[in-house]
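Student: Hey, dropping structure.tsv in here, TSV, C-alpha atoms:
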```
chain	number	residue	atom	x	y	z
A	1	MET	CA	-29.55	25.28	-15.13
A	2	LYS	CA	-28.62	27.30	-12.06
A	3	ILE	CA	-26.71	25.46	-9.37
A	4	ASN	CA	-26.59	26.66	-5.80
A	5	GLN	CA	-23.02	27.59	-4.91
A	6	ASN	CA	-23.32	26.04	-1.44
A	7	VAL	CA	-24.26	22.71	-3.02
A	8	VAL	CA	-21.07	22.79	-5.10
A	9	TYR	CA	-18.90	23.43	-2.03
A	10	PHE	CA	-20.62	20.72	0.02
A	11	PHE	CA	-20.46	18.28	-2.88
A	12	ILE	CA	-16.70	18.79	-3.31
A	13	THR	CA	-16.25	18.44	0.47
A	14	PHE	CA	-18.26	15.20	0.41
A	15	ILE	CA	-16.17	13.78	-2.46
A	16	LEU	CA	-12.97	14.67	-0.60
A	17	ILE	CA	-14.27	12.96	2.58
A	18	ILE	CA	-14.95	9.78	0.58
A	19	PHE	CA	-11.50	10.07	-0.99
A	20	ILE	CA	-9.84	10.43	2.43
A	21	ILE	CA	-11.88	7.57	4.00
A	22	PHE	CA	-10.80	5.13	1.30
A	23	ILE	CA	-7.09	5.79	1.83
A	24	PHE	CA	-7.65	3.79	5.05
A	25	SER	CA	-9.00	0.83	3.06
A	26	LEU	CA	-6.37	-1.58	4.38
A	27	HIS	CA	-7.77	-0.94	7.87
A	28	PHE	CA	-11.42	-1.76	7.24
A	29	LEU	CA	-11.86	-3.58	3.92
A	30	GLN	CA	-11.54	-7.38	3.80
A	31	ASN	CA	-12.57	-7.88	0.18
A	32	SER	CA	-9.36	-8.56	-1.75
A	33	ALA	CA	-10.72	-7.69	-5.21
A	34	GLY	CA	-12.08	-4.41	-3.88
A	35	LEU	CA	-8.80	-3.71	-2.12
A	36	LEU	CA	-6.76	-4.37	-5.26
A	37	LEU	CA	-9.07	-2.10	-7.25
A	38	ILE	CA	-8.88	0.71	-4.71
A	39	ARG	CA	-5.12	0.29	-4.31
A	40	ASN	CA	-4.73	0.53	-8.09
A	41	PHE	CA	-6.93	3.62	-8.16
A	42	TYR	CA	-4.71	5.40	-5.63
A	43	GLY	CA	-1.64	3.87	-7.28
A	44	LYS	CA	-2.44	5.84	-10.42
A	45	ILE	CA	-2.16	9.13	-8.55
A	46	CYS	CA	0.56	8.37	-6.02
A	47	HIS	CA	3.79	6.34	-5.94
A	48	GLN	CA	2.65	4.64	-2.68
A	49	ILE	CA	6.19	4.05	-1.40
A	50	GLY	CA	5.70	2.35	1.97
A	51	SER	CA	8.32	4.38	3.84
A	52	ARG	CA	6.72	7.64	2.68
A	53	CYS	CA	3.21	6.73	3.79
A	54	PHE	CA	1.78	7.21	7.26
A	55	SER	CA	1.00	3.92	8.99
A	56	PHE	CA	-1.55	3.02	11.62
A	57	ASN	CA	-1.58	-0.43	13.26
A	58	ASP	CA	1.32	-1.41	10.98
A	59	LYS	CA	-0.86	-0.86	7.92
A	60	PRO	CA	0.07	2.01	5.59
A	61	LEU	CA	-2.33	4.51	4.09
A	62	LEU	CA	-2.81	4.10	0.35
A	63	ILE	CA	-1.22	7.46	-0.52
A	64	CYS	CA	2.03	9.07	0.59
A	65	ALA	CA	2.34	11.69	3.32
A	66	ARG	CA	2.61	14.53	0.77
A	67	CYS	CA	-0.56	13.50	-1.05
A	68	THR	CA	-2.32	12.99	2.30
A	69	GLY	CA	-1.36	16.58	3.11
A	70	ILE	CA	-2.58	17.90	-0.24
A	71	PHE	CA	-5.96	16.14	-0.16
A	72	GLY	CA	-6.37	16.60	3.61
A	73	GLY	CA	-5.64	20.31	3.22
A	74	MET	CA	-8.12	20.56	0.36
A	75	LEU	CA	-10.75	18.88	2.52
A	76	ILE	CA	-10.15	21.27	5.44
A	77	LEU	CA	-10.19	24.31	3.14
A	78	PHE	CA	-13.31	23.28	1.22
A	79	PHE	CA	-15.08	22.44	4.47
A	80	THR	CA	-14.14	25.89	5.82
A	81	LEU	CA	-15.33	27.59	2.64
A	82	SER	CA	-18.57	25.59	2.77
A	83	ILE	CA	-19.32	26.89	6.26
A	84	PHE	CA	-17.97	30.46	6.08
A	85	LYS	CA	-19.39	31.96	2.90
A	86	GLU	CA	-17.77	35.38	3.37
A	87	LEU	CA	-14.32	33.75	3.18
A	88	ARG	CA	-14.93	32.66	-0.43
A	89	LEU	CA	-14.83	36.22	-1.76
A	90	LYS	CA	-11.94	37.26	0.48
A	91	PHE	CA	-9.95	34.24	-0.64
A	92	ASP	CA	-10.62	35.07	-4.29
A	93	GLN	CA	-9.43	38.65	-3.85
A	94	ILE	CA	-5.89	37.53	-3.05
A	95	ASN	CA	-3.58	38.10	-6.02
A	96	TYR	CA	-2.88	34.84	-7.81
A	97	LYS	CA	0.85	35.62	-7.89
A	98	LYS	CA	0.89	35.74	-4.08
A	99	ILE	CA	-0.93	32.43	-3.92
A	100	SER	CA	1.83	30.92	-6.05
A	101	LEU	CA	4.14	31.40	-3.05
A	102	PHE	CA	2.29	28.50	-1.43
A	103	LEU	CA	3.96	26.25	-4.02
A	104	LEU	CA	7.37	27.14	-2.65
A	105	PRO	CA	7.59	24.90	0.49
A	106	LEU	CA	6.56	21.81	-1.48
A	107	PHE	CA	8.97	22.69	-4.27
A	108	ILE	CA	11.87	23.20	-1.83
A	109	ASP	CA	11.03	19.92	-0.06
A	110	TRP	CA	10.83	18.15	-3.41
A	111	VAL	CA	14.20	19.57	-4.54
A	112	LEU	CA	15.81	18.50	-1.23
A	113	ASN	CA	14.32	14.99	-1.50
A	114	PHE	CA	14.67	14.33	-5.17
A	115	ILE	CA	17.63	16.34	-6.42
A	116	PHE	CA	19.89	16.59	-3.36
A	117	LYS	CA	18.77	13.27	-1.83
A	118	ILE	CA	18.28	14.91	1.56
A	119	GLU	CA	15.50	12.97	3.26
A	120	THR	CA	12.96	15.07	5.10
A	121	THR	CA	10.40	13.46	7.41
A	122	ASN	CA	6.90	12.39	6.49
A	123	PHE	CA	5.57	15.11	8.75
A	124	VAL	CA	7.43	17.78	6.73
A	125	ARG	CA	6.04	16.28	3.50
A	126	PHE	CA	2.56	16.30	5.01
A	127	LEU	CA	2.94	19.92	6.10
A	128	THR	CA	4.24	21.13	2.73
A	129	GLY	CA	1.35	19.22	1.11
A	130	ILE	CA	-1.16	21.08	3.29
A	131	ILE	CA	0.41	24.43	2.38
A	132	PHE	CA	0.35	23.47	-1.31
A	133	SER	CA	-3.37	22.64	-1.12
A	134	PHE	CA	-4.15	26.38	-0.93
A	135	VAL	CA	-3.25	26.69	-4.63
A	136	PRO	CA	-5.80	24.26	-6.17
A	137	VAL	CA	-8.48	25.37	-3.71
A	138	TYR	CA	-7.83	29.03	-4.59
A	139	PHE	CA	-8.27	28.44	-8.32
A	140	LEU	CA	-11.27	26.12	-7.89
A	141	ASN	CA	-12.88	28.61	-5.50
A	142	SER	CA	-12.32	31.36	-8.03
A	143	LEU	CA	-13.91	29.25	-10.75
A	144	ILE	CA	-16.95	28.47	-8.61
A	145	ILE	CA	-17.74	31.92	-7.26
A	146	ASN	CA	-17.19	33.68	-10.59
A	147	SER	CA	-19.41	31.36	-12.59
A	148	LYS	CA	-22.38	33.03	-14.24
A	149	ASN	CA	-24.65	30.04	-14.04
A	150	GLN	CA	-24.43	29.79	-10.28
A	151	ARG	CA	-26.29	31.62	-7.57
B	1	MET	CA	-17.35	19.64	-29.25
B	2	ARG	CA	-14.91	21.79	-31.23
B	3	LYS	CA	-12.47	19.69	-33.19
B	4	GLU	CA	-9.71	22.11	-32.17
B	5	LYS	CA	-9.77	20.54	-28.71
B	6	PHE	CA	-8.65	17.18	-29.97
B	7	LEU	CA	-5.07	18.12	-30.87
B	8	PRO	CA	-4.18	19.72	-27.48
B	9	ALA	CA	-5.86	16.77	-25.70
B	10	LEU	CA	-3.93	14.30	-27.86
B	11	VAL	CA	-0.60	16.00	-27.14
B	12	ALA	CA	-1.29	16.28	-23.39
B	13	GLY	CA	-2.82	12.79	-23.15
B	14	PHE	CA	0.01	11.11	-25.03
B	15	SER	CA	2.61	12.98	-22.95
B	16	LEU	CA	0.81	11.90	-19.79
B	17	ALA	CA	0.77	8.26	-20.94
B	18	VAL	CA	4.47	8.29	-21.81
B	19	LEU	CA	5.47	9.96	-18.55
B	20	SER	CA	3.21	7.68	-16.49
B	21	VAL	CA	5.14	4.58	-17.46
B	22	VAL	CA	8.53	6.09	-16.56
B	23	PRO	CA	9.01	5.11	-12.90
B	24	ILE	CA	11.31	8.00	-12.00
B	25	ILE	CA	8.83	10.55	-13.39
B	26	GLN	CA	5.97	8.95	-11.45
B	27	LEU	CA	8.09	9.03	-8.34
B	28	ALA	CA	8.94	12.69	-8.88
B	29	THR	CA	5.56	14.06	-9.79
B	30	CYS	CA	3.36	11.83	-7.62
B	31	CYS	CA	-0.26	13.01	-7.72
B	32	LEU	CA	0.50	16.08	-9.86
B	33	LEU	CA	1.09	14.40	-13.22
B	34	ALA	CA	-2.52	14.11	-14.43
B	35	PRO	CA	-3.53	17.61	-13.20
B	36	LEU	CA	-0.40	19.01	-14.88
B	37	ALA	CA	-1.47	17.31	-18.12
B	38	GLY	CA	-4.87	18.98	-17.77
B	39	ILE	CA	-3.27	22.40	-17.21
B	40	PHE	CA	-0.92	21.80	-20.16
B	41	GLY	CA	-3.80	20.75	-22.43
B	42	VAL	CA	-5.92	23.78	-21.61
B	43	ASN	CA	-2.98	26.13	-22.14
B	44	LEU	CA	-2.22	24.52	-25.51
B	45	TYR	CA	-5.87	24.97	-26.48
B	46	TYR	CA	-5.84	28.59	-25.32
B	47	PHE	CA	-2.65	29.43	-27.26
B	48	GLN	CA	-4.09	27.75	-30.32
B	49	MET	CA	-7.36	29.65	-30.15
B	50	LYS	CA	-6.50	33.06	-28.73
B	51	LYS	CA	-5.99	34.65	-32.15
B	52	ASP	CA	-9.70	34.19	-32.83
B	53	PRO	CA	-11.35	37.43	-31.57
B	54	GLU	CA	-14.63	35.66	-30.80
B	55	PHE	CA	-13.01	32.92	-28.77
B	56	ARG	CA	-13.95	32.73	-25.07
B	57	LEU	CA	-12.51	30.08	-22.80
B	58	GLU	CA	-15.31	28.34	-20.87
B	59	LYS	CA	-15.55	25.85	-18.03
B	60	SER	CA	-17.09	23.30	-20.37
B	61	ASP	CA	-13.87	23.44	-22.43
B	62	GLY	CA	-12.01	22.31	-19.32
B	63	PHE	CA	-14.37	19.39	-18.76
B	64	GLN	CA	-14.15	18.27	-22.39
B	65	ILE	CA	-10.37	18.60	-22.64
B	66	GLY	CA	-9.89	16.85	-19.27
B	67	LEU	CA	-12.10	13.92	-20.27
B	68	LEU	CA	-10.41	13.63	-23.66
B	69	ILE	CA	-6.96	13.66	-22.04
B	70	GLY	CA	-8.13	10.94	-19.62
B	71	VAL	CA	-9.41	8.61	-22.33
B	72	ILE	CA	-6.48	9.21	-24.70
B	73	SER	CA	-3.89	8.73	-21.94
B	74	GLY	CA	-5.76	5.64	-20.70
B	75	PHE	CA	-5.63	4.12	-24.17
B	76	PHE	CA	-1.91	4.73	-24.70
B	77	GLU	CA	-0.97	3.93	-21.12
B	78	SER	CA	-2.66	0.52	-21.24
B	79	ILE	CA	-0.76	-0.26	-24.46
B	80	PHE	CA	2.57	0.87	-22.99
B	81	GLN	CA	1.99	-1.04	-19.73
B	82	THR	CA	1.01	-4.18	-21.63
B	83	LEU	CA	4.14	-3.93	-23.78
B	84	LEU	CA	6.26	-3.39	-20.67
B	85	ILE	CA	4.79	-6.49	-19.03
B	86	PHE	CA	5.34	-8.41	-22.26
B	87	VAL	CA	9.06	-7.60	-22.47
B	88	SER	CA	9.86	-7.69	-18.76
B	89	LYS	CA	9.88	-10.47	-16.20
B	90	ASP	CA	7.69	-8.55	-13.75
B	91	ASN	CA	4.26	-9.70	-12.70
B	92	PRO	CA	2.49	-6.65	-11.21
B	93	VAL	CA	-0.58	-8.70	-10.22
B	94	HIS	CA	1.55	-11.18	-8.28
B	95	ASP	CA	3.41	-8.30	-6.62
B	96	SER	CA	0.10	-6.73	-5.59
B	97	ILE	CA	-1.12	-10.05	-4.14
B	98	ILE	CA	2.09	-10.49	-2.13
B	99	LEU	CA	1.86	-6.93	-0.82
B	100	MET	CA	-1.79	-7.38	0.11
B	101	GLN	CA	-1.02	-10.63	1.95
B	102	GLN	CA	1.79	-8.89	3.79
B	103	TYR	CA	-0.68	-6.50	5.42
B	104	LEU	CA	-3.72	-8.80	5.55
B	105	PRO	CA	-2.42	-12.38	5.96
B	106	ASN	CA	-5.87	-13.96	6.19
B	107	ILE	CA	-7.26	-12.39	3.03
B	108	ASN	CA	-8.74	-14.66	0.36
B	109	ILE	CA	-7.61	-13.86	-3.16
B	110	PRO	CA	-10.38	-14.53	-5.74
B	111	GLU	CA	-9.56	-17.17	-8.34
B	112	ILE	CA	-9.87	-14.69	-11.23
B	113	ILE	CA	-6.99	-12.61	-9.86
B	114	ASN	CA	-4.81	-15.70	-9.42
B	115	GLU	CA	-5.75	-16.66	-12.96
B	116	ILE	CA	-4.60	-13.30	-14.34
B	117	SER	CA	-1.35	-13.71	-12.43
B	118	ARG	CA	-0.81	-17.23	-13.87
B	119	GLU	CA	-1.67	-15.99	-17.37
B	120	ILE	CA	1.00	-13.29	-17.11
B	121	ASP	CA	3.56	-15.80	-15.85
B	122	GLU	CA	2.86	-18.14	-18.75
B	123	LYS	CA	2.00	-15.89	-21.72
B	124	ARG	CA	3.20	-12.47	-20.51
B	125	PHE	CA	-0.19	-11.11	-21.57
B	126	SER	CA	-3.67	-10.91	-20.09
B	127	ALA	CA	-6.52	-9.27	-22.00
B	128	LEU	CA	-8.43	-8.75	-18.77
B	129	LEU	CA	-5.47	-6.98	-17.17
B	130	THR	CA	-5.05	-4.76	-20.25
B	131	PHE	CA	-8.73	-3.84	-20.11
B	132	THR	CA	-8.48	-3.18	-16.35
B	133	LEU	CA	-5.42	-0.99	-16.94
B	134	PHE	CA	-7.27	0.95	-19.64
B	135	PHE	CA	-10.39	1.36	-17.50
B	136	ASN	CA	-8.46	2.34	-14.39
B	137	ALA	CA	-6.16	4.79	-16.18
B	138	SER	CA	-9.03	6.35	-18.16
B	139	VAL	CA	-11.21	6.90	-15.10
B	140	VAL	CA	-8.47	8.20	-12.79
B	141	ASN	CA	-6.78	10.35	-15.44
B	142	SER	CA	-10.12	11.78	-16.59
B	143	ILE	CA	-10.97	12.89	-13.05
B	144	PHE	CA	-7.58	14.40	-12.27
B	145	ALA	CA	-6.93	15.85	-15.74
B	146	THR	CA	-10.34	17.54	-15.59
B	147	ILE	CA	-9.47	19.06	-12.21
B	148	GLY	CA	-6.16	20.21	-13.74
B	149	ALA	CA	-7.92	21.63	-16.80
B	150	LEU	CA	-10.33	23.59	-14.59
B	151	LEU	CA	-7.41	24.92	-12.55
B	152	GLY	CA	-5.74	25.88	-15.84
B	153	ILE	CA	-8.83	27.77	-17.02
B	154	SER	CA	-9.10	29.58	-13.70
B	155	ASN	CA	-5.42	30.49	-13.93
B	156	ILE	CA	-5.73	31.77	-17.53
B	157	LYS	CA	-8.80	33.86	-16.61
B	158	LYS	CA	-6.91	35.37	-13.67
B	159	ARG	CA	-3.92	36.07	-15.90
B	160	ILE	CA	-5.83	37.81	-18.65
B	161	LYS	CA	-8.41	39.26	-16.23
B	162	GLU	CA	-11.24	37.99	-18.38
B	163	PRO	CA	-14.65	37.54	-16.73
B	164	PHE	CA	-15.60	33.94	-15.98
B	165	SER	CA	-18.33	32.20	-17.93
```
Can the structure in the file be given as structure tokens, please?
Tutor:
Amino acid sequence: MKINQNVVYFFITFILIIFIIFIFSLHFLQNSAGLLLIRNFYGKICHQIGSRCFSFNDKPLLICARCTGIFGGMLILFFTLSIFKELRLKFDQINYKKISLFLLPLFIDWVLNFIFKIETTNFVRFLTGIIFSFVPVYFLNSLIINSKNQR
Amino acid sequence: MRKEKFLPALVAGFSLAVLSVVPIIQLATCCLLAPLAGIFGVNLYYFQMKKDPEFRLEKSDGFQIGLLIGVISGFFESIFQTLLIFVSKDNPVHDSIILMQQYLPNINIPEIINEISREIDEKRFSALLTFTLFFNASVVNSIFATIGALLGISNIKKRIKEPFS
């Protein structure tokens, strides 16, 4: 079965939008069972430490600033790739070793936070998360555009 | 499904389950643990199979290994979490309720959730909680391990410059 490439990009973008919307669950959901379920879902992928999450109206998001950056960055990048088709090929032509450099800021931030106990701000974590998001998007993009059963 | 996929998925899934219940590891790796397990599983599978001249790594391998890792890790993780609750004095359901009420003071907690909390306080075990833990861990780990496995396949293909299939 041939799948249109554009559909794949828009589908991933749509999933990421849903994912991002539900990290604001504490702001709009009033159903406690649903909230617990959603909180547990995000709790499986993120430590959810209150001080490391962005807060709006005194209610925290359900994932930390770094994860917000990673998934937010992925959403922005996939949305961009969905709209500008010519970027997909250009993005894929970058050497994968160069793309690995995008891991560096997050790694340095992580080492400072975790090993040396030097606290950086949530904004820095968010920013390093956004930079990191280039890596998964690069490899997923490569997988999508090089697939034989897609047109 | 090739039976050769089971062993790498078992190793990666079990490792993921063990690491998931260690708080410091969860704190350190955050959202990267399940995708890393997926990447690890695919690489194990590739190293196991690459001697076979007819072997070609495919996207479907990533999906299958990711799903297997998710289910296997969900199974072991629910057992480990249940054992941890059994031997500790913590009540994660009660903690979640308190946290929820802290942000939404007027929220009504359904009786079934209070019941699970009471059951843990009294017997240190709740079958419903164990099932929820299994279901939750299996679904979430399957999604993120599959993403990781696909990233792993893409990375291997880039490394060996093999055409995608």
Student: May I have the protein, DNA and RNA residues with an atom at most 6 Å from (-5.3, 14.5, -17.9), counting all atoms listed in the file in the file's coordinates, returned as a PyMOL selection string?
Tutor: chain B and resi 34-35+37-38+66+69-70+141-142+145
Student: Using only C-alpha atoms, which of the listed residues (B:Leu67, B:Ile113, B:Leu84, B:Ile98) sits closest to B:Thr132?
Tutor: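 Result for the nearest residue to B:Thr132: B:Ile113.
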Student: Between B:Phe86, B:Ile143, B:Asn91, B:Ser96, which one has atoms that come closest to B:Phe125, using all atoms listed in the file?
Tutor: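 Nearest to B:Phe125: B:Phe86.
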Student: Pull out every residue of chain A sitting within 10 Å of chain B, counting only C-alpha atoms, and send them as a count of residues only.
Tutor: 55
Student: Neighbours of stretch 1-16 of chain A within 9 Å (all atoms listed in the file; same-chain residues fewer than 4 positions away dropped), as a PyMOL selection string?
Tutor: chain A and resi 20-21+71-72+74-79+81-83+85+141+144-145+148-151
Student: Find the distance between atom CA of B:Leu99 and atom CA of B:Arg118 and write it in Å to one decimal.
Tutor: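 Between these atoms lies a distance of 16.8 Å.
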Student: Could you list as a CSV table (one decimal) with C-alpha atoms, keeping the file's coordinate frame every residue that has an atom within 12 Å of (-0.4, -16.8, -16.3), using the file's coordinates and counting all atoms listed in the file?
Tutor:
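Writing the result to selection01.csv gives the following:
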```csv
chain,number,residue,atom,x,y,z
B,85,ILE,CA,4.8,-6.5,-19.0
B,86,PHE,CA,5.3,-8.4,-22.3
B,90,ASP,CA,7.7,-8.6,-13.8
B,91,ASN,CA,4.3,-9.7,-12.7
B,92,PRO,CA,2.5,-6.6,-11.2
B,93,VAL,CA,-0.6,-8.7,-10.2
B,94,HIS,CA,1.6,-11.2,-8.3
B,112,ILE,CA,-9.9,-14.7,-11.2
B,113,ILE,CA,-7.0,-12.6,-9.9
B,114,ASN,CA,-4.8,-15.7,-9.4
B,115,GLU,CA,-5.8,-16.7,-13.0
B,116,ILE,CA,-4.6,-13.3,-14.3
B,117,SER,CA,-1.4,-13.7,-12.4
B,118,ARG,CA,-0.8,-17.2,-13.9
B,119,GLU,CA,-1.7,-16.0,-17.4
B,120,ILE,CA,1.0,-13.3,-17.1
B,121,ASP,CA,3.6,-15.8,-15.8
B,122,GLU,CA,2.9,-18.1,-18.8
B,123,LYS,CA,2.0,-15.9,-21.7
B,124,ARG,CA,3.2,-12.5,-20.5
B,125,PHE,CA,-0.2,-11.1,-21.6
B,126,SER,CA,-3.7,-10.9,-20.1
B,127,ALA,CA,-6.5,-9.3,-22.0
B,128,LEU,CA,-8.4,-8.8,-18.8
B,129,LEU,CA,-5.5,-7.0,-17.2
```
Student: When you count only C-alpha atoms, which of these residues is closest to A:Pro105: A:Phe126, A:Phe54, A:Phe24, A:Phe84?
Tutor: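 Going through A:Phe126, A:Phe54, A:Phe24, A:Phe84 one by one, the smallest distance to A:Pro105 is for A:Phe126.
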Student: In Å, rounded to a single decimal, give me how far atom CA of A:Phe91 is from atom CA of A:Gly69.
Tutor: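 These atoms are spaced 20.0 Å apart.
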Student: Neighbours of B:Phe55 within 12 Å (only C-alpha atoms; same-chain residues fewer than 4 positions away dropped), as a list in words?
Tutor: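 Contacts, in chain order: Arg2, Glu4, Tyr45, Tyr46, Phe47, Gln48, Met49, Lys50, Lys51, Asp61 and Glu162 of chain B.
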Student: Figure out the distance between atom CA of A:Gly73 and atom CA of A:Ile17, please, to one decimal in Å.
Tutor: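 So the answer is 11.4 Å.
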Student: Of the candidates A:Gly34, A:Thr80, A:Leu106, A:Leu61, which one gets nearest to A:Ile130 if we count all atoms listed in the file?
Tutor: A:Leu106
Student: Find the residue from A:Thr68, A:Ser25, A:Ser133, A:Ser55 that sits nearest to A:Leu104; use only C-alpha atoms when measuring.
Tutor: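 Looking only at the distances to A:Leu104, the closest residue turns out to be A:Ser133.
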Student: Here is a test: counting only C-alpha atoms, which residue of A:Phe107, A:Phe123, A:Phe116, A:Phe56 is nearest to A:Ile23?
Tutor: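 Of A:Phe107, A:Phe123, A:Phe116, A:Phe56, the one nearest A:Ile23, counting only C-alpha atoms, is A:Phe56.
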Student: Hey, could you pull the box centre and edge lengths for stretch 76-95 of chain A, axis-aligned, 8 Å padding per side, all listed atoms, to one decimal in Å, as AutoDock Vina command-line options?
Tutor:
```
--center_x -11.5 --center_y 30.0 --center_z 0.1 --size_x 31.8 --size_y 33.4 --size_z 28.3
```
Student: For stretch 109-130 of chain A, supply N, CA and C atoms and format the output as a PDB file, in the coordinates of the input.
Tutor:
```
ATOM      1  N   ASP A 109      10.975  21.275  -0.630  1.00  0.00           N
ATOM      2  CA  ASP A 109      11.030  19.920  -0.060  1.00  0.00           C
ATOM      3  C   ASP A 109      11.303  18.883  -1.147  1.00  0.00           C
ATOM      4  N   TRP A 110      10.648  19.078  -2.282  1.00  0.00           N
ATOM      5  CA  TRP A 110      10.830  18.150  -3.410  1.00  0.00           C
ATOM      6  C   TRP A 110      12.270  18.195  -3.920  1.00  0.00           C
ATOM      7  N   VAL A 111      12.810  19.422  -4.058  1.00  0.00           N
ATOM      8  CA  VAL A 111      14.200  19.570  -4.540  1.00  0.00           C
ATOM      9  C   VAL A 111      15.170  18.901  -3.555  1.00  0.00           C
ATOM     10  N   LEU A 112      14.933  19.121  -2.245  1.00  0.00           N
ATOM     11  CA  LEU A 112      15.810  18.500  -1.230  1.00  0.00           C
ATOM     12  C   LEU A 112      15.745  16.975  -1.325  1.00  0.00           C
ATOM     13  N   ASN A 113      14.525  16.451  -1.454  1.00  0.00           N
ATOM     14  CA  ASN A 113      14.320  14.990  -1.500  1.00  0.00           C
ATOM     15  C   ASN A 113      14.860  14.384  -2.778  1.00  0.00           C
ATOM     16  N   PHE A 114      14.481  14.985  -3.877  1.00  0.00           N
ATOM     17  CA  PHE A 114      14.670  14.330  -5.170  1.00  0.00           C
ATOM     18  C   PHE A 114      15.996  14.678  -5.832  1.00  0.00           C
ATOM     19  N   ILE A 115      16.391  15.929  -5.746  1.00  0.00           N
ATOM     20  CA  ILE A 115      17.630  16.340  -6.420  1.00  0.00           C
ATOM     21  C   ILE A 115      18.842  16.129  -5.499  1.00  0.00           C
ATOM     22  N   PHE A 116      18.731  16.657  -4.252  1.00  0.00           N
ATOM     23  CA  PHE A 116      19.890  16.590  -3.360  1.00  0.00           C
ATOM     24  C   PHE A 116      19.893  15.346  -2.472  1.00  0.00           C
ATOM     25  N   LYS A 117      18.859  14.526  -2.597  1.00  0.00           N
ATOM     26  CA  LYS A 117      18.770  13.270  -1.830  1.00  0.00           C
ATOM     27  C   LYS A 117      18.823  13.492  -0.316  1.00  0.00           C
ATOM     28  N   ILE A 118      18.353  14.649   0.113  1.00  0.00           N
ATOM     29  CA  ILE A 118      18.280  14.910   1.560  1.00  0.00           C
ATOM     30  C   ILE A 118      16.882  14.504   2.009  1.00  0.00           C
ATOM     31  N   GLU A 119      16.809  13.488   2.847  1.00  0.00           N
ATOM     32  CA  GLU A 119      15.500  12.970   3.260  1.00  0.00           C
ATOM     33  C   GLU A 119      14.879  13.852   4.337  1.00  0.00           C
ATOM     34  N   THR A 120      13.708  14.368   4.062  1.00  0.00           N
ATOM     35  CA  THR A 120      12.960  15.070   5.100  1.00  0.00           C
ATOM     36  C   THR A 120      11.966  14.056   5.695  1.00  0.00           C
ATOM     37  N   THR A 121      11.312  14.425   6.775  1.00  0.00           N
ATOM     38  CA  THR A 121      10.400  13.460   7.410  1.00  0.00           C
ATOM     39  C   THR A 121       9.035  13.479   6.739  1.00  0.00           C
ATOM     40  N   ASN A 122       8.260  12.458   7.032  1.00  0.00           N
ATOM     41  CA  ASN A 122       6.900  12.390   6.490  1.00  0.00           C
ATOM     42  C   ASN A 122       6.059  13.554   6.984  1.00  0.00           C
ATOM     43  N   PHE A 123       6.343  13.996   8.213  1.00  0.00           N
ATOM     44  CA  PHE A 123       5.570  15.110   8.750  1.00  0.00           C
ATOM     45  C   PHE A 123       5.828  16.383   7.941  1.00  0.00           C
ATOM     46  N   VAL A 124       7.085  16.602   7.554  1.00  0.00           N
ATOM     47  CA  VAL A 124       7.430  17.780   6.730  1.00  0.00           C
ATOM     48  C   VAL A 124       6.717  17.691   5.380  1.00  0.00           C
ATOM     49  N   ARG A 125       6.722  16.486   4.801  1.00  0.00           N
ATOM     50  CA  ARG A 125       6.040  16.280   3.500  1.00  0.00           C
ATOM     51  C   ARG A 125       4.548  16.571   3.648  1.00  0.00           C
ATOM     52  N   PHE A 126       3.985  16.086   4.743  1.00  0.00           N
ATOM     53  CA  PHE A 126       2.560  16.300   5.010  1.00  0.00           C
ATOM     54  C   PHE A 126       2.263  17.795   5.133  1.00  0.00           C
ATOM     55  N   LEU A 127       3.135  18.490   5.863  1.00  0.00           N
ATOM     56  CA  LEU A 127       2.940  19.920   6.100  1.00  0.00           C
ATOM     57  C   LEU A 127       3.059  20.723   4.797  1.00  0.00           C
ATOM     58  N   THR A 128       4.077  20.392   3.996  1.00  0.00           N
ATOM     59  CA  THR A 128       4.240  21.130   2.730  1.00  0.00           C
ATOM     60  C   THR A 128       3.070  20.811   1.791  1.00  0.00           C
ATOM     61  N   GLY A 129       2.534  19.592   1.901  1.00  0.00           N
ATOM     62  CA  GLY A 129       1.350  19.220   1.110  1.00  0.00           C
ATOM     63  C   GLY A 129       0.147  20.061   1.504  1.00  0.00           C
ATOM     64  N   ILE A 130      -0.032  20.260   2.813  1.00  0.00           N
ATOM     65  CA  ILE A 130      -1.160  21.080   3.290  1.00  0.00           C
ATOM     66  C   ILE A 130      -1.032  22.513   2.769  1.00  0.00           C
TER      67      ILE A 130
END
```
